[in-house]
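What follows is one structure encoded as structure tokens, with my remarks underneath.
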Amino acid sequence: MGRFRIHTEIKCHDDIDARIRSFSKERVWIVSDSFLKGQALLNEYESRLSQKNTVEIYTEIVPDPPLNKVIEGIKAFKKFSPTVIIAIGGGSAIDTAKLIAYYSAKLEKNVRPFFAAIPTTSGTGSEVTSFAVVTDTDTNTKDSVVDDSIAPDEAWLDERFVMSCPPKVTANSGMDALTHAVEALVANHADAFTDALSEYAVKMIFGLLPKCYKQTASADEWHEMLAASSMAGMAFQNAGLGISHAISHQLG
């Protein structure tokens, strides 16, 4: 077996509440998908964080983060000068926050602020990985940024975000998580640790995804589906992926 590492600490339920209460006199920059703006759950997070901190919400997020949007985000980041970053959204929102924080730290030669990620889909696993993909629209190419420092410090698994997903999004993101788990099982760097995560994630997804798609799952089952997605992310973070992602990367 080779190296196995999980950089990101997972927090759920009361641990999330405790972390929010722990912030005081911070400058909190929330990077969020634009469709979440004004929704009750995002408003709740903003309200609670604003009690003892200065909060700004940044929603200039588009799918498959293009380089020009990342550059715009870096400018907004520098203007606000956050001490805490909280990314709330799908893979694009979390990847955008990762890239902004990473390149800002590199350009300014500063330590990256504390970074938490809250996934709103049970699919990409971006909340626990040290990968991000940026699109260069001038050359029509995608580049992967892979660095341990890019991974969020914490992932907050709040199932209330995924419970409101439309069935189509639940299905597509769930199949993405399943693909991560299956590919990690047969990837070049798979070992006993990654296999354990992958196999359990596959088992959970097969049992939970049909319920979540039909919206008959309980809150606990939605949370387990979200956890399965993170487990699959941890698995491929260490084992790697396979030909499905290689092909889709080129098509994308």
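So you can find residues: chains in the structure tokens are A, B, ... in the order shown, residues in each start at 1, and ligands are numbered from 1 in order.
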
Using only C-alpha atoms, which protein or nucleic acid residues come within 6 Å of stretch 110-115 of chain A? Drop anything in the same chain fewer than 2 positions from it, and give the result as a PyMOL selection string.
chain A and resi 83-86+105+108+152-153

Leaving out A:Cys165 and any residue of its chain fewer than 2 positions from it, which residues lie within 12 Å of it when counting only C-alpha atoms, given as a PDB file with N, CA, C and O atoms, in the first residue's frame?
ATOM      1  N   PHE A  35     -28.190  30.548  -7.817  1.00  0.00           N
ATOM      2  CA  PHE A  35     -29.596  30.203  -7.582  1.00  0.00           C
ATOM      3  C   PHE A  35     -29.917  30.039  -6.101  1.00  0.00           C
ATOM      4  O   PHE A  35     -31.084  30.009  -5.713  1.00  0.00           O
ATOM      5  N   LEU A  36     -28.874  29.950  -5.261  1.00  0.00           N
ATOM      6  CA  LEU A  36     -29.110  29.843  -3.821  1.00  0.00           C
ATOM      7  C   LEU A  36     -29.362  31.204  -3.174  1.00  0.00           C
ATOM      8  O   LEU A  36     -29.884  31.275  -2.057  1.00  0.00           O
ATOM      9  N   GLY A  89     -22.270  24.998  -2.561  1.00  0.00           N
ATOM     10  CA  GLY A  89     -22.765  24.735  -3.915  1.00  0.00           C
ATOM     11  C   GLY A  89     -22.347  23.375  -4.419  1.00  0.00           C
ATOM     12  O   GLY A  89     -21.885  22.505  -3.670  1.00  0.00           O
ATOM     13  N   GLY A  90     -22.495  23.212  -5.724  1.00  0.00           N
ATOM     14  CA  GLY A  90     -22.051  21.988  -6.383  1.00  0.00           C
ATOM     15  C   GLY A  90     -20.564  22.066  -6.683  1.00  0.00           C
ATOM     16  O   GLY A  90     -19.849  22.937  -6.181  1.00  0.00           O
ATOM     17  N   PRO A 119     -21.329  20.977   0.372  1.00  0.00           N
ATOM     18  CA  PRO A 119     -21.865  20.504  -0.906  1.00  0.00           C
ATOM     19  C   PRO A 119     -23.391  20.570  -0.948  1.00  0.00           C
ATOM     20  O   PRO A 119     -24.059  20.268   0.046  1.00  0.00           O
ATOM     21  N   THR A 120     -23.919  20.965  -2.081  1.00  0.00           N
ATOM     22  CA  THR A 120     -25.369  21.014  -2.265  1.00  0.00           C
ATOM     23  C   THR A 120     -25.857  19.920  -3.207  1.00  0.00           C
ATOM     24  O   THR A 120     -27.035  19.882  -3.565  1.00  0.00           O
ATOM     25  N   THR A 121     -24.931  19.046  -3.613  1.00  0.00           N
ATOM     26  CA  THR A 121     -25.298  17.849  -4.379  1.00  0.00           C
ATOM     27  C   THR A 121     -24.515  16.673  -3.811  1.00  0.00           C
ATOM     28  O   THR A 121     -23.421  16.849  -3.270  1.00  0.00           O
ATOM     29  N   SER A 122     -25.069  15.480  -3.940  1.00  0.00           N
ATOM     30  CA  SER A 122     -24.363  14.262  -3.503  1.00  0.00           C
ATOM     31  C   SER A 122     -23.698  13.656  -4.721  1.00  0.00           C
ATOM     32  O   SER A 122     -24.169  12.665  -5.280  1.00  0.00           O
ATOM     33  N   GLY A 123     -22.589  14.280  -5.164  1.00  0.00           N
ATOM     34  CA  GLY A 123     -22.022  13.819  -6.421  1.00  0.00           C
ATOM     35  C   GLY A 123     -20.536  14.028  -6.607  1.00  0.00           C
ATOM     36  O   GLY A 123     -19.782  13.073  -6.750  1.00  0.00           O
ATOM     37  N   GLU A 159     -27.418  18.015   5.139  1.00  0.00           N
ATOM     38  CA  GLU A 159     -28.317  17.332   4.192  1.00  0.00           C
ATOM     39  C   GLU A 159     -29.479  18.205   3.742  1.00  0.00           C
ATOM     40  O   GLU A 159     -30.132  17.912   2.730  1.00  0.00           O
ATOM     41  N   ARG A 160     -29.765  19.277   4.448  1.00  0.00           N
ATOM     42  CA  ARG A 160     -30.890  20.127   4.063  1.00  0.00           C
ATOM     43  C   ARG A 160     -30.688  20.732   2.681  1.00  0.00           C
ATOM     44  O   ARG A 160     -31.662  21.001   1.974  1.00  0.00           O
ATOM     45  N   PHE A 161     -29.437  20.937   2.292  1.00  0.00           N
ATOM     46  CA  PHE A 161     -29.171  21.475   0.962  1.00  0.00           C
ATOM     47  C   PHE A 161     -29.518  20.468  -0.129  1.00  0.00           C
ATOM     48  O   PHE A 161     -30.091  20.834  -1.160  1.00  0.00           O
ATOM     49  N   VAL A 162     -29.161  19.193   0.060  1.00  0.00           N
ATOM     50  CA  VAL A 162     -29.399  18.207  -0.999  1.00  0.00           C
ATOM     51  C   VAL A 162     -30.851  17.749  -1.026  1.00  0.00           C
ATOM     52  O   VAL A 162     -31.333  17.273  -2.062  1.00  0.00           O
ATOM     53  N   MET A 163     -31.564  17.891   0.088  1.00  0.00           N
ATOM     54  CA  MET A 163     -32.961  17.457   0.129  1.00  0.00           C
ATOM     55  C   MET A 163     -33.847  18.264  -0.810  1.00  0.00           C
ATOM     56  O   MET A 163     -34.911  17.805  -1.222  1.00  0.00           O
ATOM     57  N   PRO A 167     -35.243  15.879  -8.730  1.00  0.00           N
ATOM     58  CA  PRO A 167     -34.898  14.467  -8.966  1.00  0.00           C
ATOM     59  C   PRO A 167     -33.822  14.266 -10.033  1.00  0.00           C
ATOM     60  O   PRO A 167     -32.944  13.414  -9.871  1.00  0.00           O
ATOM     61  N   LYS A 168     -33.864  15.058 -11.112  1.00  0.00           N
ATOM     62  CA  LYS A 168     -32.871  14.891 -12.184  1.00  0.00           C
ATOM     63  C   LYS A 168     -31.461  15.195 -11.673  1.00  0.00           C
ATOM     64  O   LYS A 168     -30.503  14.478 -11.993  1.00  0.00           O
ATOM     65  N   VAL A 169     -31.326  16.249 -10.887  1.00  0.00           N
ATOM     66  CA  VAL A 169     -30.019  16.601 -10.321  1.00  0.00           C
ATOM     67  C   VAL A 169     -29.564  15.523  -9.345  1.00  0.00           C
ATOM     68  O   VAL A 169     -28.396  15.132  -9.326  1.00  0.00           O
ATOM     69  N   THR A 170     -30.497  15.029  -8.529  1.00  0.00           N
ATOM     70  CA  THR A 170     -30.176  13.953  -7.590  1.00  0.00           C
ATOM     71  C   THR A 170     -29.665  12.722  -8.332  1.00  0.00           C
ATOM     72  O   THR A 170     -28.671  12.107  -7.924  1.00  0.00           O
ATOM     73  N   ALA A 171     -30.336  12.367  -9.432  1.00  0.00           N
ATOM     74  CA  ALA A 171     -29.934  11.186 -10.209  1.00  0.00           C
ATOM     75  C   ALA A 171     -28.568  11.373 -10.855  1.00  0.00           C
ATOM     76  O   ALA A 171     -27.694  10.500 -10.747  1.00  0.00           O
ATOM     77  N   ASN A 172     -28.383  12.517 -11.526  1.00  0.00           N
ATOM     78  CA  ASN A 172     -27.121  12.753 -12.231  1.00  0.00           C
ATOM     79  C   ASN A 172     -25.937  12.834 -11.264  1.00  0.00           C
ATOM     80  O   ASN A 172     -24.875  12.244 -11.514  1.00  0.00           O
ATOM     81  N   SER A 173     -26.118  13.553 -10.163  1.00  0.00           N
ATOM     82  CA  SER A 173     -25.022  13.677  -9.203  1.00  0.00           C
ATOM     83  C   SER A 173     -24.768  12.346  -8.489  1.00  0.00           C
ATOM     84  O   SER A 173     -23.616  11.994  -8.203  1.00  0.00           O
ATOM     85  N   GLY A 174     -25.829  11.599  -8.232  1.00  0.00           N
ATOM     86  CA  GLY A 174     -25.663  10.288  -7.604  1.00  0.00           C
ATOM     87  C   GLY A 174     -24.894   9.321  -8.484  1.00  0.00           C
ATOM     88  O   GLY A 174     -24.060   8.545  -7.992  1.00  0.00           O
ATOM     89  N   CYS A 212     -33.796   8.600  -2.725  1.00  0.00           N
ATOM     90  CA  CYS A 212     -33.588  10.042  -2.848  1.00  0.00           C
ATOM     91  C   CYS A 212     -34.193  10.570  -4.153  1.00  0.00           C
ATOM     92  O   CYS A 212     -34.778  11.660  -4.181  1.00  0.00           O
ATOM     93  N   TYR A 213     -34.074   9.780  -5.217  1.00  0.00           N
ATOM     94  CA  TYR A 213     -34.651  10.192  -6.504  1.00  0.00           C
ATOM     95  C   TYR A 213     -36.172  10.322  -6.405  1.00  0.00           C
ATOM     96  O   TYR A 213     -36.766  11.276  -6.921  1.00  0.00           O
ATOM     97  N   LYS A 214     -36.802   9.368  -5.722  1.00  0.00           N
ATOM     98  CA  LYS A 214     -38.259   9.397  -5.557  1.00  0.00           C
ATOM     99  C   LYS A 214     -38.699  10.368  -4.458  1.00  0.00           C
ATOM    100  O   LYS A 214     -39.889  10.570  -4.233  1.00  0.00           O
ATOM    101  N   GLN A 215     -37.693  10.946  -3.775  1.00  0.00           N
ATOM    102  CA  GLN A 215     -37.935  11.892  -2.677  1.00  0.00           C
ATOM    103  C   GLN A 215     -38.741  11.255  -1.534  1.00  0.00           C
ATOM    104  O   GLN A 215     -39.578  11.906  -0.900  1.00  0.00           O
ATOM    105  N   TRP A 222     -30.933  10.947   3.471  1.00  0.00           N
ATOM    106  CA  TRP A 222     -30.304  11.985   2.634  1.00  0.00           C
ATOM    107  C   TRP A 222     -28.888  12.263   3.128  1.00  0.00           C
ATOM    108  O   TRP A 222     -27.961  12.444   2.331  1.00  0.00           O
TER     109      TRP A 222
END

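Distance-wise, atom CA of A:Ser229 and atom CA of A:Ala201 end up 7.0 Å apart.
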
Based on DSSP run over this structure's backbone, return all residues of stretch 157-246 of chain A in alpha helix (DSSP H), as a PyMOL selection string.
chain A and resi 159-163+167-186+192-213+219-239+243-246

Could you give me, as a VMD selection string, the residues within 9 Å of A:Ser230, counting only C-alpha atoms and dropping anything in the same chain fewer than 4 positions from it?
chain A and resid 122 to 129 155 157 177 201 225 to 226 234 to 235

A:Gly38: which residues within 12 Å, counting only C-alpha atoms, same-chain residues fewer than 5 positions away excluded, as a list in words?
Ser32, Asp33, Asn43, Glu44, Tyr45, Glu46, Ser47, Ile57 and Thr59 of chain A

Produce a file of the selected residues containing N, CA, C and O atoms, as a compact mmCIF listing (two decimals), in the first residue's frame.
# COMPACT_ATOMS: atom_id res chain seq x y z
N SER A 32 -21.05 31.12 -3.42
CA SER A 32 -22.27 30.32 -3.55
C SER A 32 -22.78 30.30 -4.98
O SER A 32 -22.60 31.27 -5.73
N ASP A 33 -23.44 29.20 -5.35
CA ASP A 33 -24.17 29.17 -6.62
C ASP A 33 -25.22 30.28 -6.59
O ASP A 33 -25.88 30.52 -5.57
N ASN A 43 -29.81 32.10 3.59
CA ASN A 43 -30.09 33.25 4.47
C ASN A 43 -29.82 32.91 5.93
O ASN A 43 -29.33 33.74 6.69
N GLU A 44 -30.15 31.66 6.30
CA GLU A 44 -29.91 31.23 7.68
C GLU A 44 -28.42 31.25 8.01
O GLU A 44 -28.00 31.74 9.07
N TYR A 45 -27.61 30.70 7.09
CA TYR A 45 -26.17 30.70 7.30
C TYR A 45 -25.63 32.13 7.37
O TYR A 45 -24.82 32.47 8.25
N GLU A 46 -26.07 32.97 6.45
CA GLU A 46 -25.60 34.36 6.44
C GLU A 46 -25.98 35.08 7.73
O GLU A 46 -25.18 35.79 8.33
N SER A 47 -27.23 34.87 8.18
CA SER A 47 -27.70 35.54 9.38
C SER A 47 -26.91 35.11 10.61
O SER A 47 -26.50 35.94 11.43
N ILE A 57 -21.39 37.77 0.39
CA ILE A 57 -21.73 36.62 -0.46
C ILE A 57 -21.32 36.91 -1.90
O ILE A 57 -21.66 37.97 -2.46
N THR A 59 -21.53 35.39 -5.72
CA THR A 59 -22.32 34.41 -6.47
C THR A 59 -22.00 34.37 -7.97
O THR A 59 -22.77 33.83 -8.76

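Among the candidates A:Ala219, A:Ser104, A:Gln51, A:Glu224, the residue lying nearest to A:Ala76 is A:Ser104 (atoms considered: only C-alpha atoms).
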
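The shortest atom-to-atom distance to A:Ala117, with only C-alpha atoms taken into account, belongs to A:Cys12 out of A:Ile74, A:Leu185, A:Cys12, A:Val62.
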
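Distances from A:Phe236, A:Phe206, A:Phe77, A:Tyr58 to A:Val31 were compared using only C-alpha atoms, and the smallest one belongs to A:Tyr58.
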
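If you look at atom CA of A:Glu56 and atom CA of A:Val133, they are 24.6 Å away from each other.
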
A:Val145 environment, 8 Å, only C-alpha atoms, sequence neighbours closer than 5 positions dropped, as a PDB file with N, CA and C atoms, in the first residue's frame:
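Result file part_31.pdb:
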ATOM      1  N   PHE A 131      -8.330  18.468  -5.777  1.00  0.00           N
ATOM      2  CA  PHE A 131      -8.378  18.702  -7.219  1.00  0.00           C
ATOM      3  C   PHE A 131      -9.319  19.858  -7.528  1.00  0.00           C
ATOM      4  N   ALA A 132      -9.038  20.579  -8.592  1.00  0.00           N
ATOM      5  CA  ALA A 132      -9.973  21.546  -9.158  1.00  0.00           C
ATOM      6  C   ALA A 132      -9.670  21.647 -10.646  1.00  0.00           C
ATOM      7  N   VAL A 133     -10.711  21.891 -11.433  1.00  0.00           N
ATOM      8  CA  VAL A 133     -10.539  21.974 -12.886  1.00  0.00           C
ATOM      9  C   VAL A 133     -10.926  23.367 -13.351  1.00  0.00           C
ATOM     10  N   VAL A 134     -10.047  23.984 -14.122  1.00  0.00           N
ATOM     11  CA  VAL A 134     -10.300  25.316 -14.669  1.00  0.00           C
ATOM     12  C   VAL A 134     -10.333  25.222 -16.195  1.00  0.00           C
TER      13      VAL A 134
END
